[in-house]
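Enquirer: This structure is in structure tokens; I'll ask about it shortly.
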Amino acid sequence: MEPDPDATARVLSAIGEEDFGRLLASLVTRYRDFDLAEEALHDAVLRAVETWPSRGVPERPQAWLMATAKNRAIDLIRADEVRTRHLARLRIEDELQPGDHDDHAVRLGEEMDGADIPDERLGLFFTCSHPTLREDERIVLILRFLSGLTTAEVAAGFLVETATMQQRIVRAKQRILKTGIPFGRPAPDDVDGRLPGVLRVLYLIFTQGINATSGPAHTRVDLQREAIRLTRLLVGYLPGQTEARGLLALLLLTRARESTRVAQDGRPVPLADQDRSKWDSFLIAEGTALVDTAAGEPGAGAFTIQAAIAALHADAARFADTDWKQILVLYRMLSDLDPSPVVALNTAIALGKVSGPEAAMSALDKLADDPQLLRHRPFHIARAITLDELGRTSEAEDAYAAGLDCPGNDAESEFITARITDLQR
């Protein structure tokens, strides 16, 4: 059979960010060097692009990429005296000898023993949540290198400039090298202490999938699915952790609305305009059952409260039936646990639904000087909607325009531009 020149692009696209993330996680675990792992995997993909069109796609492309990346990593180590000394210090000189490329690649994606963390990438999430690293350093490393997000996307998730995020990533990698943080799986006693950071990472991955901060599309279903997959594994591994179940409930209840969140032209559809008859009733039932159980347990926290809010939205047959008073109570509870600008923004929106646009505007005005929210597109959209409700059309246009200057996807930008046009009419 003649090689198919287009097969390479199809196969690499099908592998997707999820499998690339697993490959990268395996390389980072072996070589304790994020830059080395990323460079080796990048070179392996380039090698695939160069050779597969003429030689044909290998039977197991992930195994081929892993073997090629490991060989490339060995070449890079041998050419770099500093890296060689670093790896020797970490006692992995045996990696410089021919090894089990194929055997290891076959194991990629297979579940480990029940006593161990059931996914190599999830295990590395816990490794990167080592207490030697600061909280923001832990999270940005995972998001940047293990979740397929760009530096700009990670920066948008933290509401900071891309240059600021680049500096954080560099500092985190340097701290790992200087302190010699072990890349083995954490001891059972360490898992509970590192769990909050892992939960936050999974939440941020899903959030990027729900509302992408760059690119043409409003949503990224691949990130949503991967975040849910990893969270399910985590719940199975730690069934007694209330917040893990609370997070899974939140993700499922949010995912249930996915088919109605984007119109045929790709633009986002506001919650009030979504066709609730098309929401996924199975995901809603599963998510609601999880949150009903988690909400009554002592370990319930911020994710469980957010899941309870999502469940109230799911319970309402129409947008007008939404129990905004209870949602406002829950957001105020959430503010006590997580006094972040985004929670304050959502609390202001809920307040407006209960007490009217004047109350919402007053609360939003109090947040207007927050530097993080000034880079957060939903803040400007919320201001614009509220100003429009108050009949302050010109100010609403300005608020929408400010939103266009913030990070966001193209579909959302088109939605904002259309709203500005409507106001001008």
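Chain labels follow the order of the structure tokens: the first chain is A, the next B, and so on; residue numbering restarts at 1 in every chain, and ligands are counted from 1 in their shown order.
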May I have the residues within 9 Å of region 266-272 of chain A as a list in words, using only C-alpha atoms and disregarding those fewer than 5 positions away in the same chain?

Expert: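 Here the answer would be Pro216, Ala217, His218, Thr219, Thr260, Arg261, Arg318, Phe319, Ala320, Asp410, Ala411, Glu412, Ser413, Glu414 and Phe415 of chain A.
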
Enquirer: Would you list the contacts of Ala40 (chain A) as a PyMOL selection string, taking every protein, DNA or RNA residue within 9 Å and counting only C-alpha atoms, but skipping same-chain residues closer than 4 positions in sequence?

Expert: chain A and resi 27+35-36+44-45+68-74+76

Enquirer: Would you save the residues of that selection, restricted to C-alpha atoms, as a PDB file, in the first residue's frame?

Expert:
ATOM      1  CA  LEU A  27       9.396  12.270  29.875  1.00  0.00           C
ATOM      2  CA  ASP A  35      12.635  22.029  29.154  1.00  0.00           C
ATOM      3  CA  LEU A  36      14.416  18.839  28.103  1.00  0.00           C
ATOM      4  CA  ALA A  44       9.979  13.795  17.927  1.00  0.00           C
ATOM      5  CA  VAL A  45       6.854  15.364  16.416  1.00  0.00           C
ATOM      6  CA  THR A  68      11.971   8.882  19.410  1.00  0.00           C
ATOM      7  CA  ALA A  69      11.603  11.486  22.153  1.00  0.00           C
ATOM      8  CA  LYS A  70      13.624   9.376  24.604  1.00  0.00           C
ATOM      9  CA  ASN A  71      16.374   8.890  22.056  1.00  0.00           C
ATOM     10  CA  ARG A  72      16.392  12.614  21.373  1.00  0.00           C
ATOM     11  CA  ALA A  73      16.521  13.353  25.113  1.00  0.00           C
ATOM     12  CA  ILE A  74      19.553  11.089  25.451  1.00  0.00           C
ATOM     13  CA  LEU A  76      20.533  16.297  24.225  1.00  0.00           C
TER      14      LEU A  76
END

Enquirer: Please identify all polymer residues within 8 Å of Leu195 (chain A), counting only C-alpha atoms, omitting same-chain residues fewer than 4 positions from it, and present them as JSON, numbers by chain.

Expert: {"A": [126, 191, 199]}

Enquirer: Mind the document's chain letters and residue numbers, and return as JSON, numbers by chain the residues of region 224-363 of chain A that DSSP labels alpha helix (DSSP H).

Expert: {"A": [224, 225, 226, 227, 228, 229, 230, 231, 232, 233, 234, 235, 236, 237, 242, 243, 244, 245, 246, 247, 248, 249, 250, 251, 252, 253, 254, 255, 281, 282, 283, 284, 285, 286, 287, 288, 289, 290, 291, 292, 293, 294, 302, 303, 304, 305, 306, 307, 308, 309, 310, 311, 312, 313, 314, 315, 324, 325, 326, 327, 328, 329, 330, 331, 332, 333, 334, 335, 336, 337, 341, 342, 343, 344, 345, 346, 347, 348, 349, 350, 351, 352, 353, 354, 355, 357, 358, 359, 360, 361, 362, 363]}

Enquirer: Name the closest residue to Val28 (chain A) among the candidates A:Ile142, A:Met333, A:Leu133, A:Ala418; distances are taken between atoms, counting only C-alpha atoms.

Expert: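 Of the candidates, the smallest distance to Val28 (chain A) is held by A:Ile142.
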
Enquirer: Within 8 Å of Arg257 (chain A), counting only C-alpha atoms, which residues qualify if same-chain residues fewer than 2 places away don't, as a PyMOL selection string?

Expert: chain A and resi 253-255+259-261+276+278-280

Enquirer: Would you mind exporting N, CA, C and O atoms of the selected residues as a PDB file, in the first residue's frame?

Expert:
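Saved to result.pdb:
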ATOM      1  N   LEU A 253     -22.074  19.085  36.068  1.00  0.00           N
ATOM      2  CA  LEU A 253     -23.228  19.971  35.935  1.00  0.00           C
ATOM      3  C   LEU A 253     -22.968  21.082  34.926  1.00  0.00           C
ATOM      4  O   LEU A 253     -23.888  21.509  34.211  1.00  0.00           O
ATOM      5  N   THR A 254     -21.741  21.543  34.850  1.00  0.00           N
ATOM      6  CA  THR A 254     -21.396  22.575  33.868  1.00  0.00           C
ATOM      7  C   THR A 254     -21.315  21.979  32.470  1.00  0.00           C
ATOM      8  O   THR A 254     -21.815  22.555  31.499  1.00  0.00           O
ATOM      9  N   ARG A 255     -20.716  20.814  32.376  1.00  0.00           N
ATOM     10  CA  ARG A 255     -20.593  20.118  31.092  1.00  0.00           C
ATOM     11  C   ARG A 255     -21.962  19.781  30.510  1.00  0.00           C
ATOM     12  O   ARG A 255     -22.146  19.743  29.284  1.00  0.00           O
ATOM     13  N   SER A 259     -23.943  21.550  24.975  1.00  0.00           N
ATOM     14  CA  SER A 259     -24.539  21.558  23.631  1.00  0.00           C
ATOM     15  C   SER A 259     -25.335  22.823  23.348  1.00  0.00           C
ATOM     16  O   SER A 259     -25.659  23.104  22.190  1.00  0.00           O
ATOM     17  N   THR A 260     -25.661  23.592  24.379  1.00  0.00           N
ATOM     18  CA  THR A 260     -26.476  24.793  24.181  1.00  0.00           C
ATOM     19  C   THR A 260     -25.682  26.082  24.383  1.00  0.00           C
ATOM     20  O   THR A 260     -26.248  27.170  24.261  1.00  0.00           O
ATOM     21  N   ARG A 261     -24.412  25.967  24.712  1.00  0.00           N
ATOM     22  CA  ARG A 261     -23.633  27.153  25.062  1.00  0.00           C
ATOM     23  C   ARG A 261     -23.090  27.893  23.848  1.00  0.00           C
ATOM     24  O   ARG A 261     -22.584  29.017  23.968  1.00  0.00           O
ATOM     25  N   ARG A 276     -32.932  24.781  27.528  1.00  0.00           N
ATOM     26  CA  ARG A 276     -32.695  23.866  28.649  1.00  0.00           C
ATOM     27  C   ARG A 276     -33.183  22.448  28.376  1.00  0.00           C
ATOM     28  O   ARG A 276     -32.750  21.505  29.053  1.00  0.00           O
ATOM     29  N   LYS A 278     -32.340  20.764  26.010  1.00  0.00           N
ATOM     30  CA  LYS A 278     -31.209  20.057  25.402  1.00  0.00           C
ATOM     31  C   LYS A 278     -30.059  19.823  26.383  1.00  0.00           C
ATOM     32  O   LYS A 278     -29.044  19.251  26.017  1.00  0.00           O
ATOM     33  N   TRP A 279     -30.223  20.259  27.614  1.00  0.00           N
ATOM     34  CA  TRP A 279     -29.194  19.969  28.612  1.00  0.00           C
ATOM     35  C   TRP A 279     -29.145  18.467  28.873  1.00  0.00           C
ATOM     36  O   TRP A 279     -30.161  17.773  28.793  1.00  0.00           O
ATOM     37  N   ASP A 280     -27.971  17.952  29.186  1.00  0.00           N
ATOM     38  CA  ASP A 280     -27.759  16.512  29.362  1.00  0.00           C
ATOM     39  C   ASP A 280     -28.318  16.071  30.720  1.00  0.00           C
ATOM     40  O   ASP A 280     -27.708  16.316  31.765  1.00  0.00           O
TER      41      ASP A 280
END

Enquirer: Env of Arg377 (chain A): 6 Å cut, atoms = only C-alpha atoms, seq-sep filter 2 positions within chain, self excluded. Answer as number ranges by chain.

Expert: A: 379-380, 403, 406

Enquirer: Given the selection you just returned, output its residues as a file containing N, CA, C and O atoms, formatted as a PDB file, in the first residue's frame.

Expert:
ATOM      1  N   PHE A 379     -15.882  40.484  33.386  1.00  0.00           N
ATOM      2  CA  PHE A 379     -16.173  41.649  34.218  1.00  0.00           C
ATOM      3  C   PHE A 379     -16.728  42.782  33.365  1.00  0.00           C
ATOM      4  O   PHE A 379     -17.745  43.400  33.709  1.00  0.00           O
ATOM      5  N   HIS A 380     -16.108  43.065  32.257  1.00  0.00           N
ATOM      6  CA  HIS A 380     -16.557  44.150  31.391  1.00  0.00           C
ATOM      7  C   HIS A 380     -17.906  43.807  30.738  1.00  0.00           C
ATOM      8  O   HIS A 380     -18.748  44.692  30.554  1.00  0.00           O
ATOM      9  N   GLY A 403     -13.952  45.200  27.092  1.00  0.00           N
ATOM     10  CA  GLY A 403     -13.876  43.744  27.087  1.00  0.00           C
ATOM     11  C   GLY A 403     -13.125  43.211  25.882  1.00  0.00           C
ATOM     12  O   GLY A 403     -12.409  42.211  25.977  1.00  0.00           O
ATOM     13  N   CYS A 406      -9.422  42.727  26.306  1.00  0.00           N
ATOM     14  CA  CYS A 406      -8.954  41.683  27.224  1.00  0.00           C
ATOM     15  C   CYS A 406      -8.736  40.365  26.472  1.00  0.00           C
ATOM     16  O   CYS A 406      -9.288  40.160  25.388  1.00  0.00           O
TER      17      CYS A 406
END

Enquirer: With distances taken over only C-alpha atoms, which residue among A:Pro341, A:Gly246, A:Gly197, A:Gly240 lies nearest Leu367 (chain A)?

Expert: A:Pro341

Enquirer: Using only C-alpha atoms, can you tell me which of A:Ala25, A:Asp321, A:Tyr31, A:Thr242 comes closest to Leu143 (chain A)?

Expert: A:Ala25

Enquirer: Just want the 10 Å neighbourhood of Asp388 (chain A), counted on only C-alpha atoms, with same-chain residues fewer than 5 positions away dropped. Output as JSON, numbers by chain.

Expert: {"A": [357, 382, 383, 393, 394, 395, 396, 397, 399, 423]}

Enquirer: Rank nothing, just name the residue among A:Asn346, A:Thr421, A:Thr293, A:Asn211 nearest to Ile327 (chain A), using only C-alpha atoms.

Expert: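 Result for the nearest residue to Ile327 (chain A): A:Asn346.
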